$ cat final00.cif   # mmCIF, C-alpha atoms and all ligand atoms
data_input
#
loop_
_atom_site.label_atom_id
_atom_site.label_comp_id
_atom_site.auth_asym_id
_atom_site.auth_seq_id
_atom_site.Cartn_x
_atom_site.Cartn_y
_atom_site.Cartn_z
CA MET A 1 39.79 20.68 21.88
CA PRO A 2 38.05 22.65 24.67
CA THR A 3 34.27 22.63 24.87
CA ALA A 4 33.98 26.27 23.81
CA ARG A 5 35.90 25.45 20.62
CA SER A 6 33.55 22.54 19.87
CA ALA A 7 30.53 24.79 20.24
CA GLN A 8 32.19 27.29 17.91
CA LEU A 9 32.71 24.58 15.29
CA SER A 10 29.12 23.56 15.64
CA THR A 11 28.12 27.14 14.88
CA ILE A 12 30.37 27.28 11.82
CA LEU A 13 28.86 24.05 10.50
CA THR A 14 25.35 25.36 11.12
CA ASP A 15 26.00 28.75 9.53
CA HIS A 16 27.54 27.24 6.41
CA ALA A 17 25.45 24.10 6.32
CA GLU A 18 24.08 24.70 2.87
CA ALA A 19 27.37 25.30 1.09
CA VAL A 20 29.26 22.59 2.98
CA ARG A 21 26.61 19.96 2.41
CA ALA A 22 26.22 20.81 -1.27
CA ALA A 23 29.98 20.43 -1.88
CA TRP A 24 30.04 17.24 0.18
CA LEU A 25 27.14 15.78 -1.76
CA ASP A 26 28.72 16.69 -5.10
CA ALA A 27 32.02 15.11 -4.18
CA SER A 28 30.53 11.86 -2.93
CA SER A 29 28.00 11.58 -5.77
CA VAL A 30 30.89 11.65 -8.22
CA GLU A 31 32.80 9.06 -6.23
CA LEU A 32 29.79 6.74 -5.79
CA ARG A 33 28.17 7.33 -9.14
CA GLY A 34 25.90 4.44 -10.02
CA ARG A 35 26.31 2.79 -6.60
CA SER A 36 24.00 5.06 -4.61
CA THR A 37 21.47 7.57 -5.85
CA ARG A 38 21.90 11.25 -4.98
CA GLY A 39 18.73 11.06 -2.91
CA GLU A 40 20.10 8.20 -0.83
CA LEU A 41 23.38 9.97 -0.25
CA GLU A 42 21.62 13.16 0.68
CA ARG A 43 19.46 11.37 3.29
CA GLU A 44 22.48 9.62 4.69
CA GLN A 45 24.58 12.78 4.80
CA SER A 46 21.88 14.80 6.46
CA ASP A 47 21.72 12.20 9.27
CA ILE A 48 25.49 12.29 9.70
CA TYR A 49 25.70 16.07 9.47
CA ASP A 50 22.97 16.68 12.01
CA ALA A 51 24.51 14.22 14.45
CA LEU A 52 27.93 15.84 13.97
CA VAL A 53 26.57 19.34 14.61
CA GLU A 54 24.64 18.18 17.67
CA GLY A 55 27.61 16.26 19.02
CA LEU A 56 29.84 19.31 18.74
CA ARG A 57 27.21 21.50 20.30
CA ASP A 58 27.03 19.10 23.24
CA GLY A 59 30.74 19.55 23.76
CA GLY A 60 32.05 16.53 21.88
CA SER A 61 35.63 16.83 20.71
CA GLU A 62 36.79 13.27 20.13
CA LEU A 63 34.76 10.60 18.36
CA GLY A 64 34.77 8.41 21.48
CA ASP A 65 33.00 11.12 23.52
CA ALA A 66 29.50 10.41 24.78
CA ALA A 67 28.28 13.47 22.82
CA PHE A 68 29.02 11.52 19.63
CA ASP A 69 27.14 8.34 20.60
CA GLN A 70 24.49 8.95 18.00
CA LEU A 71 27.00 9.83 15.30
CA ARG A 72 28.90 6.61 15.89
CA GLY A 73 25.64 4.64 15.72
CA ILE A 74 24.76 6.19 12.37
CA LEU A 75 28.23 5.57 10.95
CA ALA A 76 28.14 1.94 12.07
CA ASP A 77 24.76 1.45 10.38
CA VAL A 78 25.85 3.12 7.16
CA SER A 79 29.04 1.07 6.96
CA GLY A 80 27.27 -2.19 7.76
CA ALA A 81 24.70 -1.51 5.04
CA ARG A 82 27.45 -0.71 2.54
CA ALA A 83 29.35 -3.90 3.29
CA ARG A 84 26.19 -5.90 2.70
CA LEU A 85 25.63 -4.14 -0.63
CA GLY A 86 29.14 -5.04 -1.78
CA PHE A 87 30.75 -1.59 -1.54
CA THR A 88 34.53 -1.56 -1.27
CA PRO A 89 36.11 -0.22 1.94
CA ARG A 90 37.39 2.77 -0.06
CA GLU A 91 33.95 3.61 -1.41
CA THR A 92 32.61 3.31 2.09
CA ALA A 93 35.21 5.57 3.64
CA MET A 94 35.11 8.06 0.75
CA ALA A 95 31.54 9.01 1.50
CA VAL A 96 32.75 10.44 4.80
CA PHE A 97 36.07 11.87 3.65
CA ALA A 98 34.25 13.81 0.95
CA LEU A 99 32.87 16.00 3.72
CA LYS A 100 36.26 17.71 3.70
CA GLU A 101 35.53 18.96 0.19
CA GLY A 102 32.64 20.80 1.74
CA LEU A 103 34.91 22.27 4.41
CA TYR A 104 37.50 23.48 1.92
CA SER A 105 34.85 25.77 0.48
CA LEU A 106 34.94 27.65 3.79
CA VAL A 107 38.63 27.99 4.18
CA ASP A 108 40.21 31.37 4.34
CA ASP A 109 43.21 32.16 6.47
CA ASP A 110 41.14 33.25 9.39
CA VAL A 111 39.07 30.10 9.72
CA ARG A 112 41.77 27.69 8.59
CA ALA A 113 43.22 27.63 12.08
CA HIS A 114 39.87 26.78 13.58
CA LEU A 115 39.14 24.13 11.00
CA THR A 116 42.26 22.05 11.33
CA PRO A 117 41.08 20.05 14.35
CA LEU A 118 37.78 19.45 12.62
CA MET A 119 39.57 18.07 9.58
CA ARG A 120 41.38 15.66 11.83
CA LEU A 121 38.12 14.60 13.41
CA VAL A 122 36.57 13.95 10.01
CA ASP A 123 39.50 11.73 9.09
CA ASP A 124 38.75 9.85 12.27
CA LEU A 125 35.13 9.38 11.26
CA GLY A 126 36.35 7.82 8.03
CA LEU A 127 38.60 5.39 9.80
CA TYR A 128 35.87 4.48 12.23
CA THR A 129 33.57 3.80 9.28
CA PHE A 130 36.26 1.62 7.79
CA GLU A 131 36.62 -0.43 10.95
CA ASN A 132 32.90 -1.06 11.11
CA TYR A 133 32.86 -2.03 7.46
CA ALA A 134 35.50 -4.64 8.22
CA ASP A 135 33.51 -5.91 11.22
CA ALA A 136 30.35 -6.33 9.14
CA ARG A 137 32.42 -8.12 6.51
CA GLU A 138 33.64 -10.48 9.18
CA ALA A 139 30.06 -11.15 10.24
CA ILE A 140 29.05 -12.01 6.66
CA ILE A 141 31.97 -14.41 6.32
CA THR A 142 31.13 -16.08 9.63
CA GLU A 143 27.52 -16.43 8.50
CA GLN A 144 28.61 -18.10 5.29
CA ALA A 145 31.01 -20.40 7.08
CA GLU A 146 28.16 -21.43 9.37
CA GLN A 147 25.95 -22.16 6.39
CA LEU A 148 28.70 -24.30 4.95
CA MET A 149 29.13 -26.19 8.22
CA GLU A 150 25.43 -26.75 8.35
CA LEU A 151 25.51 -28.19 4.87
CA SER A 152 28.66 -30.21 5.24
CA THR A 153 27.16 -32.93 7.44
CA PRO A 154 23.43 -32.95 6.88
CA VAL A 155 22.97 -36.48 5.51
CA VAL A 156 20.94 -38.50 7.99
CA LYS A 157 19.87 -42.11 8.14
CA LEU A 158 16.09 -41.96 8.64
CA TRP A 159 15.53 -45.68 8.80
CA GLU A 160 17.34 -48.89 8.02
CA GLY A 161 18.04 -48.56 4.29
CA ILE A 162 16.76 -44.98 3.94
CA VAL A 163 18.96 -41.87 3.98
CA ALA A 164 17.84 -38.26 3.57
CA VAL A 165 19.45 -34.90 3.03
CA PRO A 166 17.60 -31.67 3.73
CA LEU A 167 19.00 -28.86 1.58
CA VAL A 168 18.86 -25.47 3.29
CA GLY A 169 19.53 -21.93 2.12
CA THR A 170 21.19 -20.55 -0.95
CA LEU A 171 22.89 -23.27 -2.94
CA ASP A 172 25.95 -22.44 -4.93
CA SER A 173 27.78 -24.90 -7.09
CA ALA A 174 30.53 -25.83 -4.66
CA ARG A 175 28.21 -26.39 -1.72
CA THR A 176 25.69 -28.45 -3.67
CA GLN A 177 28.49 -30.63 -5.00
CA VAL A 178 29.78 -31.33 -1.49
CA VAL A 179 26.34 -32.33 -0.23
CA MET A 180 25.63 -34.55 -3.21
CA GLU A 181 28.93 -36.39 -2.88
CA LYS A 182 28.23 -36.89 0.79
CA LEU A 183 24.82 -38.33 -0.02
CA LEU A 184 26.25 -40.86 -2.46
CA ASN A 185 28.96 -41.86 0.03
CA THR A 186 26.41 -42.32 2.78
CA LEU A 187 24.32 -44.54 0.49
CA VAL A 188 27.32 -46.84 0.11
CA GLU A 189 28.44 -46.72 3.74
CA THR A 190 25.01 -47.55 5.11
CA GLY A 191 24.09 -49.96 2.32
CA SER A 192 20.86 -48.02 1.80
CA GLU A 193 18.66 -48.39 -1.24
CA HIS A 194 16.59 -45.23 -0.76
CA ALA A 195 17.72 -41.62 -0.83
CA ILE A 196 15.49 -38.62 -0.22
CA ILE A 197 16.62 -35.12 -1.15
CA ASP A 198 14.42 -32.56 0.57
CA ILE A 199 14.46 -29.04 -0.89
CA THR A 200 11.88 -27.38 1.38
CA GLY A 201 14.57 -24.96 2.61
CA VAL A 202 15.80 -23.91 -0.82
CA PRO A 203 14.56 -20.46 -1.90
CA ALA A 204 15.21 -20.90 -5.63
CA VAL A 205 16.09 -23.75 -7.97
CA ASP A 206 17.97 -22.54 -11.04
CA THR A 207 19.37 -24.70 -13.84
CA GLN A 208 22.65 -25.16 -12.02
CA VAL A 209 21.01 -26.51 -8.86
CA ALA A 210 18.68 -28.63 -11.02
CA GLN A 211 21.63 -30.05 -12.89
CA HIS A 212 23.27 -31.10 -9.63
CA LEU A 213 20.03 -32.71 -8.48
CA LEU A 214 19.61 -34.58 -11.77
CA LYS A 215 23.20 -35.81 -11.75
CA THR A 216 22.85 -37.03 -8.18
CA VAL A 217 19.68 -38.94 -8.96
CA VAL A 218 21.29 -40.60 -11.97
CA ALA A 219 24.38 -41.51 -9.93
CA ALA A 220 22.22 -42.93 -7.13
CA ARG A 221 20.36 -45.06 -9.63
CA LEU A 222 23.58 -46.39 -11.07
CA MET A 223 24.37 -47.53 -7.56
CA GLY A 224 21.06 -49.37 -7.45
CA ALA A 225 19.30 -46.87 -5.20
CA GLN A 226 15.95 -45.17 -5.60
CA CYS A 227 15.97 -41.40 -5.25
CA THR A 228 13.08 -39.11 -4.32
CA ILE A 229 13.03 -35.31 -4.35
CA SER A 230 10.67 -33.93 -1.72
CA GLY A 231 9.52 -30.52 -0.55
CA ILE A 232 9.06 -28.81 -3.92
CA ARG A 233 6.97 -25.79 -2.93
CA PRO A 234 4.39 -24.33 -5.35
CA GLN A 235 6.44 -21.29 -6.36
CA ILE A 236 9.47 -23.49 -7.01
CA ALA A 237 7.38 -25.96 -9.04
CA GLN A 238 5.99 -23.17 -11.24
CA THR A 239 9.45 -21.72 -11.77
CA ILE A 240 10.94 -25.09 -12.69
CA VAL A 241 8.18 -25.66 -15.24
CA ALA A 242 8.55 -22.19 -16.79
CA LEU A 243 12.30 -22.59 -16.93
CA GLY A 244 11.78 -25.78 -18.92
CA ILE A 245 13.61 -28.16 -16.59
CA GLU A 246 12.34 -31.72 -16.91
CA PHE A 247 12.70 -34.05 -13.98
CA GLY A 248 11.54 -36.87 -16.25
CA ASP A 249 10.65 -40.02 -14.33
CA ILE A 250 12.31 -38.83 -11.14
CA ARG A 251 9.98 -39.37 -8.24
CA THR A 252 8.87 -36.24 -6.41
CA ARG A 253 6.77 -35.91 -3.27
CA ALA A 254 5.22 -32.93 -1.55
CA SER A 255 6.89 -33.50 1.81
CA LEU A 256 9.72 -35.42 3.40
CA ALA A 257 7.13 -37.39 5.40
CA ASP A 258 5.34 -38.49 2.21
CA ALA A 259 8.65 -39.55 0.71
CA LEU A 260 9.52 -41.56 3.81
CA VAL A 261 6.15 -43.33 3.85
CA ASP A 262 6.67 -44.26 0.21
CA ALA A 263 10.14 -45.59 0.78
CA LEU A 264 8.97 -47.68 3.76
CA ARG A 265 6.10 -49.12 1.75
CA GLU A 266 8.49 -50.09 -1.00
CA LYS A 267 10.88 -51.79 1.40
CA LYS A 268 8.14 -54.25 2.34
CA ARG A 269 7.75 -55.41 -1.23
CA PRO A 270 10.06 -58.07 -2.72
CA THR A 271 13.21 -56.51 -4.20
CA SER A 272 12.32 -57.64 -7.70
CA GLU A 273 9.38 -55.26 -7.77
CA VAL A 274 11.39 -52.24 -6.77
CA ARG A 275 12.19 -50.15 -9.79
CA GLY A 276 15.68 -48.68 -9.86
CA MET B 1 18.61 6.20 8.79
CA THR B 2 20.18 4.10 6.07
CA THR B 3 19.32 0.70 7.46
CA THR B 4 15.63 1.44 7.60
CA SER B 5 15.22 3.64 4.52
CA PRO B 6 14.51 1.49 1.46
CA THR B 7 17.23 1.07 -1.12
CA THR B 8 16.06 1.84 -4.62
CA GLY B 9 18.92 0.37 -6.56
CA THR B 10 22.44 -1.05 -6.62
CA ARG B 11 25.16 -1.79 -9.09
CA GLN B 12 27.29 -4.79 -8.26
CA PRO B 13 30.24 -6.56 -9.78
CA VAL B 14 29.78 -10.13 -11.04
CA ARG B 15 33.23 -11.66 -10.65
CA ASP B 16 32.70 -14.89 -8.74
CA ASP B 17 30.13 -17.30 -7.31
CA SER B 18 29.54 -15.20 -4.20
CA ASP B 19 28.73 -12.17 -6.39
CA VAL B 20 25.99 -14.23 -8.07
CA VAL B 21 24.55 -14.96 -4.64
CA ARG B 22 24.71 -11.26 -3.70
CA VAL B 23 22.95 -10.20 -6.91
CA ARG B 24 20.26 -12.78 -6.24
CA GLN B 25 19.80 -11.43 -2.71
CA ALA B 26 19.57 -7.82 -3.96
CA VAL B 27 16.93 -8.85 -6.51
CA ARG B 28 14.92 -10.68 -3.87
CA ARG B 29 15.07 -7.71 -1.50
CA LEU B 30 13.78 -5.31 -4.15
CA ALA B 31 11.18 -7.79 -5.40
CA GLN B 32 9.80 -7.93 -1.86
CA GLN B 33 9.85 -4.14 -1.65
CA ALA B 34 7.98 -3.92 -4.95
CA ARG B 35 5.43 -6.36 -3.48
CA LEU B 36 5.74 -8.95 -6.19
CA SER B 37 3.82 -12.15 -5.46
CA LEU B 38 5.85 -15.04 -4.04
CA VAL B 39 5.70 -16.84 -7.38
CA ASP B 40 6.84 -13.76 -9.33
CA GLN B 41 9.60 -13.09 -6.78
CA THR B 42 10.88 -16.64 -7.19
CA LYS B 43 10.70 -16.43 -10.99
CA LEU B 44 12.55 -13.11 -11.08
CA VAL B 45 15.22 -14.26 -8.64
CA THR B 46 15.73 -17.46 -10.63
CA ALA B 47 16.04 -15.54 -13.92
CA ALA B 48 18.54 -13.18 -12.27
CA SER B 49 20.51 -16.16 -11.04
CA GLU B 50 20.69 -17.59 -14.58
CA LEU B 51 21.71 -14.31 -16.19
CA ALA B 52 24.27 -13.40 -13.54
CA ARG B 53 25.81 -16.84 -13.96
CA ASN B 54 25.92 -16.41 -17.74
CA THR B 55 27.65 -13.04 -17.23
CA LEU B 56 30.20 -14.82 -15.05
CA VAL B 57 30.67 -18.06 -16.97
CA HIS B 58 30.16 -17.07 -20.61
CA GLY B 59 30.86 -13.33 -20.44
CA GLY B 60 33.98 -13.67 -18.29
CA GLY B 61 32.52 -11.46 -15.58
CA GLY B 62 30.79 -8.10 -15.68
CA GLU B 63 28.25 -6.30 -13.58
CA ALA B 64 24.62 -6.29 -12.54
CA GLU B 65 22.40 -3.29 -11.94
CA VAL B 66 19.20 -3.81 -10.00
CA GLU B 67 16.61 -1.12 -9.34
CA LEU B 68 13.02 -0.41 -8.44
CA VAL B 69 11.01 0.98 -11.35
CA THR B 70 7.52 2.33 -11.80
CA SER B 71 5.37 2.10 -14.88
CA GLY B 72 2.14 3.99 -14.52
CA LEU B 73 0.71 2.80 -11.22
CA ARG B 74 2.73 -0.39 -11.14
CA THR B 75 5.94 -0.93 -9.21
CA GLY B 76 8.50 -3.38 -10.42
CA VAL B 77 12.12 -4.44 -10.47
CA ARG B 78 14.52 -4.10 -13.36
CA ALA B 79 17.82 -5.92 -13.57
CA VAL B 80 20.51 -5.40 -16.18
CA PHE B 81 23.44 -7.77 -16.67
CA SER B 82 26.32 -6.64 -18.81
CA ASP B 83 29.74 -7.92 -19.79
CA GLN B 84 32.48 -7.15 -22.27
CA GLY B 85 32.91 -10.82 -23.14
CA PRO B 86 32.81 -12.68 -26.48
CA GLY B 87 29.17 -11.85 -27.24
CA ILE B 88 26.76 -14.31 -28.85
CA ALA B 89 27.26 -15.00 -32.55
CA ASP B 90 23.99 -16.85 -33.17
CA LEU B 91 21.34 -15.45 -30.84
CA ASP B 92 18.50 -17.64 -32.16
CA LEU B 93 20.57 -20.71 -31.43
CA ALA B 94 21.51 -19.45 -27.95
CA LEU B 95 17.82 -18.88 -27.23
CA THR B 96 16.91 -22.44 -28.25
CA ASP B 97 15.82 -24.64 -25.35
CA GLY B 98 18.58 -27.03 -24.44
CA TRP B 99 21.34 -25.48 -26.53
CA THR B 100 24.57 -24.93 -24.67
CA SER B 101 28.09 -24.16 -25.81
CA GLY B 102 29.40 -25.71 -22.61
CA GLY B 103 28.15 -28.35 -20.24
CA GLY B 104 25.07 -26.49 -19.03
CA LEU B 105 21.41 -27.40 -19.40
CA GLY B 106 21.02 -24.70 -22.08
CA LEU B 107 17.87 -23.37 -20.44
CA GLY B 108 19.23 -20.22 -18.82
CA LEU B 109 18.52 -17.72 -21.60
CA SER B 110 15.40 -19.30 -23.07
CA GLY B 111 14.05 -20.14 -19.62
CA SER B 112 14.60 -16.67 -18.14
CA ARG B 113 12.74 -15.18 -21.08
CA ARG B 114 9.70 -17.22 -20.00
CA LEU B 115 10.13 -16.31 -16.32
CA VAL B 116 9.80 -12.53 -16.60
CA GLU B 117 7.48 -9.97 -18.14
CA HIS B 118 10.18 -8.01 -19.93
CA PHE B 119 13.26 -9.54 -21.55
CA ALA B 120 15.62 -7.76 -23.91
CA ILE B 121 19.04 -8.87 -25.07
CA ASP B 122 21.67 -6.87 -26.89
CA THR B 123 24.82 -8.66 -27.93
CA THR B 124 27.68 -8.02 -30.36
CA PRO B 125 30.34 -10.63 -31.09
CA GLY B 126 33.67 -9.44 -29.76
CA VAL B 127 32.09 -6.57 -27.86
CA GLY B 128 29.86 -7.99 -25.17
CA THR B 129 26.37 -8.82 -24.00
CA ARG B 130 23.69 -6.89 -22.16
CA VAL B 131 20.49 -8.54 -20.94
CA GLU B 132 17.68 -6.55 -19.35
CA ILE B 133 14.77 -8.09 -17.47
CA ALA B 134 11.89 -6.63 -15.50
CA ALA B 135 8.83 -7.81 -13.61
CA TRP B 136 6.02 -5.73 -12.10
CA ALA B 137 3.66 -6.30 -9.24
CA ARG B 138 0.19 -7.20 -10.47
N1 LIG A 301 26.74 -13.31 -21.45
C1 LIG A 301 27.03 -14.20 -22.42
N2 LIG A 301 28.15 -14.04 -23.18
C2 LIG A 301 28.45 -14.94 -24.16
N3 LIG A 301 27.71 -16.02 -24.44
C3 LIG A 301 26.58 -16.23 -23.73
C4 LIG A 301 26.19 -15.35 -22.69
N4 LIG A 301 25.02 -15.79 -22.16
C5 LIG A 301 24.72 -16.92 -22.84
N5 LIG A 301 25.65 -17.19 -23.80
C6 LIG A 301 25.65 -18.32 -24.75
O1 LIG A 301 24.33 -18.81 -24.85
C7 LIG A 301 24.30 -20.21 -24.53
C8 LIG A 301 22.98 -20.54 -23.86
O2 LIG A 301 22.93 -19.95 -22.56
P1 LIG A 301 22.05 -20.66 -21.46
O3 LIG A 301 20.69 -20.83 -22.03
O4 LIG A 301 22.15 -19.90 -20.21
O5 LIG A 301 22.69 -22.09 -21.32
P2 LIG A 301 23.98 -22.59 -20.50
O6 LIG A 301 24.46 -21.44 -19.66
O7 LIG A 301 23.47 -23.73 -19.70
O8 LIG A 301 24.99 -22.99 -21.52
C9 LIG A 301 25.51 -20.43 -23.67
O9 LIG A 301 25.94 -21.79 -23.72
C10 LIG A 301 26.51 -19.46 -24.27
O10 LIG A 301 27.12 -20.04 -25.41
MG MG A 302 23.30 -20.32 -18.42
#
$ encode --input "final00.cif" --output "structure tokens"
Amino acid sequence: MPTARSAQLSTILTDHAEAVRAAWLDASSVELRGRSTRGELEREQSDIYDALVEGLRDGGSELGDAAFDQLRGILADVSGARARLGFTPRETAMAVFALKEGLYSLVDDDVRAHLTPLMRLVDDLGLYTFENYADAREAIITEQAEQLMELSTPVVKLWEGIVAVPLVGTLDSARTQVVMEKLLNTLVETGSEHAIIDITGVPAVDTQVAQHLLKTVVAARLMGAQCTISGIRPQIAQTIVALGIEFGDIRTRASLADALVDALREKKRPTSEVRG
Amino acid sequence: MTTTSPTTGTRQPVRDDSDVVRVRQAVRRLAQQARLSLVDQTKLVTAASELARNTLVHGGGGEAEVELVTSGLRTGVRAVFSDQGPGIADLDLALTDGWTSGGGLGLGLSGSRRLVEHFAIDTTPGVGTRVEIAAWAR
């Protein structure tokens, strides 16, 4: 597409901006009903549209051209945000493809010839969006895998006879289970009689997480070990109380350091005085 | 641009564990935007976690809608969890502390009701369940 043609397309898009954008917005609002508000879509589309018009005016003809740098940036942002919000690739790509609905409103035989390359370019935008969606998806998966790695070997021996596990991040059932099993195994392997579970890094404790904690403490006790939960922050404490979860006679301490001091103190006493 | 302009609401599927995590993250993001206190954020996120999990486990999956709301001068967050599952035959029983039909703690429904300012449940046996919660900045 020669530069003059690009400039011409830019003029067409500017002249018919209102009609094209209205049809585009209608088409994508139907497709994304309930996922995005019309206002959000409109903001997003006005960014994309402006960048497209400017890119064409600056002589851009293929998406890879420098004139479309800004447009590609916007599309990458939009797709990344969609992936994070759980949109499907189709929903993500549709928001761009729906621009063609806006272009159809312009078509008569005379302009059709001019519009064909533009149609092709729009298809390209959609595919580009799709690729970025997939990349962002990949990043999320990598992030989660890293979290899992982090959680898969966090049990540490703090002292002779004392092991601790710092729980970090969002805990789902599977992950919590893995960590708890690891803790119990480490108790046996190291012949420890104290376990400290530190939840300073946990943003929320719901009944499922609480149930895993309770089960672990009971299991540890059955094995003759004393278990302390440390690092319960004020907002977590208030939530646990309101939720109605009872930790019963389970020992809790404000910080991991407090819990360690306690465990050390207890080690000095004769075994018979240590309550299981 | 989309990444910097605030999102005012989302509708998300609740089909597996990772969806529950995503719903929880969306609720936390909006609760921060609505400027809820840290305690209220944590309470709302925890309630959302309970209800999303109920949608998944008891309702057989469904969806969650989370949005910013205003009431007078106050800004808040509303979350709606809905499924087309078995519904709840005896709601009073289900709302009793410690009652569970499975192996749970039985504190999800009754506990979430205490965690948020607004709690409404609509359920029909054989049709499904819809739970709506909301919390506002003070
Ligand atoms: N969305 C739902 N669909 C059907 N039944 C539900 C739903 N949510 C809750 N229930 C019923 O209410 C009971 C109490 O729920 P809850 O307090 O969360 O306890 P738990 O999930 O630990 O069993 C559940 O055991 C289940 O029988
Ligand atoms: Mg529950």
$ closest_residue --input "final00.cif" --among "A:Ala17, A:Ile245, A:Leu121, A:Ala219" --to "B:Gly111" --atoms "only C-alpha atoms"
A:Ile245
$ closest_residue --input "final00.cif" --among "A:Leu158, A:Leu85, A:Ile196, A:Val209" --to "chain B" --atoms "all atoms listed in the file"
A:Leu85
$ residues_near_ligand --input "final00.cif" --ligand "ligand LIG 301 (chain A)" --cutoff "8 Å" --atoms "all atoms listed in the file" --output "VMD selection string"
(chain A and resid 207 to 208) or (chain B and resid 50 to 51 53 to 60 82 to 83 85 to 88 91 93 to 111 123 128 to 131)
$ interface_residues --input "final00.cif" --of "chain B" --to "chain A" --cutoff "7 Å" --atoms "all atoms listed in the file" --output "VMD selection string"
chain B and resid 1 to 3 10 to 12 38 to 39 42 to 43 46 49 to 50 105 107 to 108 111 to 112 114 to 115
$ closest_residue --input "final00.cif" --among "B:Arg22, B:Ala48, B:Asp16, B:Val127" --to "ligand MG 302 (chain A)" --atoms "all atoms listed in the file"
B:Ala48
$ closest_residue --input "final00.cif" --among "B:Asp40, B:Ala47, B:Arg28, B:Gly9" --to "ligand MG 302 (chain A)" --atoms "all atoms listed in the file"
B:Ala47
$ atom_distance --input "final00.cif" --atom1 "atom CA of A:Phe68" --atom2 "atom CA of A:Leu127"
15.0 Å
$ decode --input "final00.cif" --residues "stretch 78-95 of chain B" --atoms "N, CA and C atoms" --output "mmCIF file, in the first residue's frame"
data_model
loop_
_atom_site.group_PDB
_atom_site.id
_atom_site.type_symbol
_atom_site.label_atom_id
_atom_site.label_comp_id
_atom_site.auth_asym_id
_atom_site.auth_seq_id
_atom_site.Cartn_x
_atom_site.Cartn_y
_atom_site.Cartn_z
ATOM 1 N N ARG B 78 -19.877 -4.664 44.913
ATOM 2 C CA ARG B 78 -20.916 -5.689 44.995
ATOM 3 C C ARG B 78 -20.445 -6.909 44.228
ATOM 4 N N ALA B 79 -20.711 -8.080 44.799
ATOM 5 C CA ALA B 79 -20.355 -9.319 44.109
ATOM 6 C C ALA B 79 -21.562 -10.239 44.114
ATOM 7 N N VAL B 80 -21.827 -10.834 42.970
ATOM 8 C CA VAL B 80 -22.957 -11.754 42.838
ATOM 9 C C VAL B 80 -22.450 -13.098 42.334
ATOM 10 N N PHE B 81 -22.826 -14.152 43.043
ATOM 11 C CA PHE B 81 -22.403 -15.506 42.666
ATOM 12 C C PHE B 81 -23.638 -16.299 42.288
ATOM 13 N N SER B 82 -23.654 -16.854 41.090
ATOM 14 C CA SER B 82 -24.850 -17.586 40.700
ATOM 15 C C SER B 82 -24.508 -18.913 40.031
ATOM 16 N N ASP B 83 -25.379 -19.886 40.263
ATOM 17 C CA ASP B 83 -25.212 -21.194 39.629
ATOM 18 C C ASP B 83 -26.581 -21.779 39.323
ATOM 19 N N GLN B 84 -26.575 -22.763 38.434
ATOM 20 C CA GLN B 84 -27.810 -23.482 38.117
ATOM 21 C C GLN B 84 -27.719 -24.884 38.699
ATOM 22 N N GLY B 85 -27.219 -24.951 39.933
ATOM 23 C CA GLY B 85 -27.018 -26.245 40.595
ATOM 24 C C GLY B 85 -28.270 -26.723 41.316
ATOM 25 N N PRO B 86 -28.089 -27.570 42.329
ATOM 26 C CA PRO B 86 -29.226 -28.214 43.014
ATOM 27 C C PRO B 86 -30.045 -27.272 43.902
ATOM 28 N N GLY B 87 -29.520 -26.079 44.189
ATOM 29 C CA GLY B 87 -30.238 -25.196 45.099
ATOM 30 C C GLY B 87 -30.126 -25.698 46.533
ATOM 31 N N ILE B 88 -30.700 -24.932 47.477
ATOM 32 C CA ILE B 88 -30.614 -25.308 48.888
ATOM 33 C C ILE B 88 -32.024 -25.544 49.401
ATOM 34 N N ALA B 89 -32.297 -26.769 49.823
ATOM 35 C CA ALA B 89 -33.654 -27.124 50.242
ATOM 36 C C ALA B 89 -34.021 -26.459 51.577
ATOM 37 N N ASP B 90 -33.117 -26.536 52.534
ATOM 38 C CA ASP B 90 -33.392 -25.950 53.854
ATOM 39 C C ASP B 90 -32.385 -24.831 54.121
ATOM 40 N N LEU B 91 -32.794 -23.608 53.817
ATOM 41 C CA LEU B 91 -31.870 -22.479 53.894
ATOM 42 C C LEU B 91 -31.458 -22.173 55.335
ATOM 43 N N ASP B 92 -32.420 -22.280 56.266
ATOM 44 C CA ASP B 92 -32.096 -22.027 57.677
ATOM 45 C C ASP B 92 -30.986 -22.961 58.154
ATOM 46 N N LEU B 93 -31.134 -24.214 57.757
ATOM 47 C CA LEU B 93 -30.134 -25.209 58.145
ATOM 48 C C LEU B 93 -28.783 -24.861 57.529
ATOM 49 N N ALA B 94 -28.792 -24.516 56.239
ATOM 50 C CA ALA B 94 -27.541 -24.197 55.535
ATOM 51 C C ALA B 94 -26.860 -22.984 56.154
ATOM 52 N N LEU B 95 -27.666 -22.089 56.742
ATOM 53 C CA LEU B 95 -27.102 -20.883 57.351
ATOM 54 C C LEU B 95 -26.736 -21.083 58.816
#
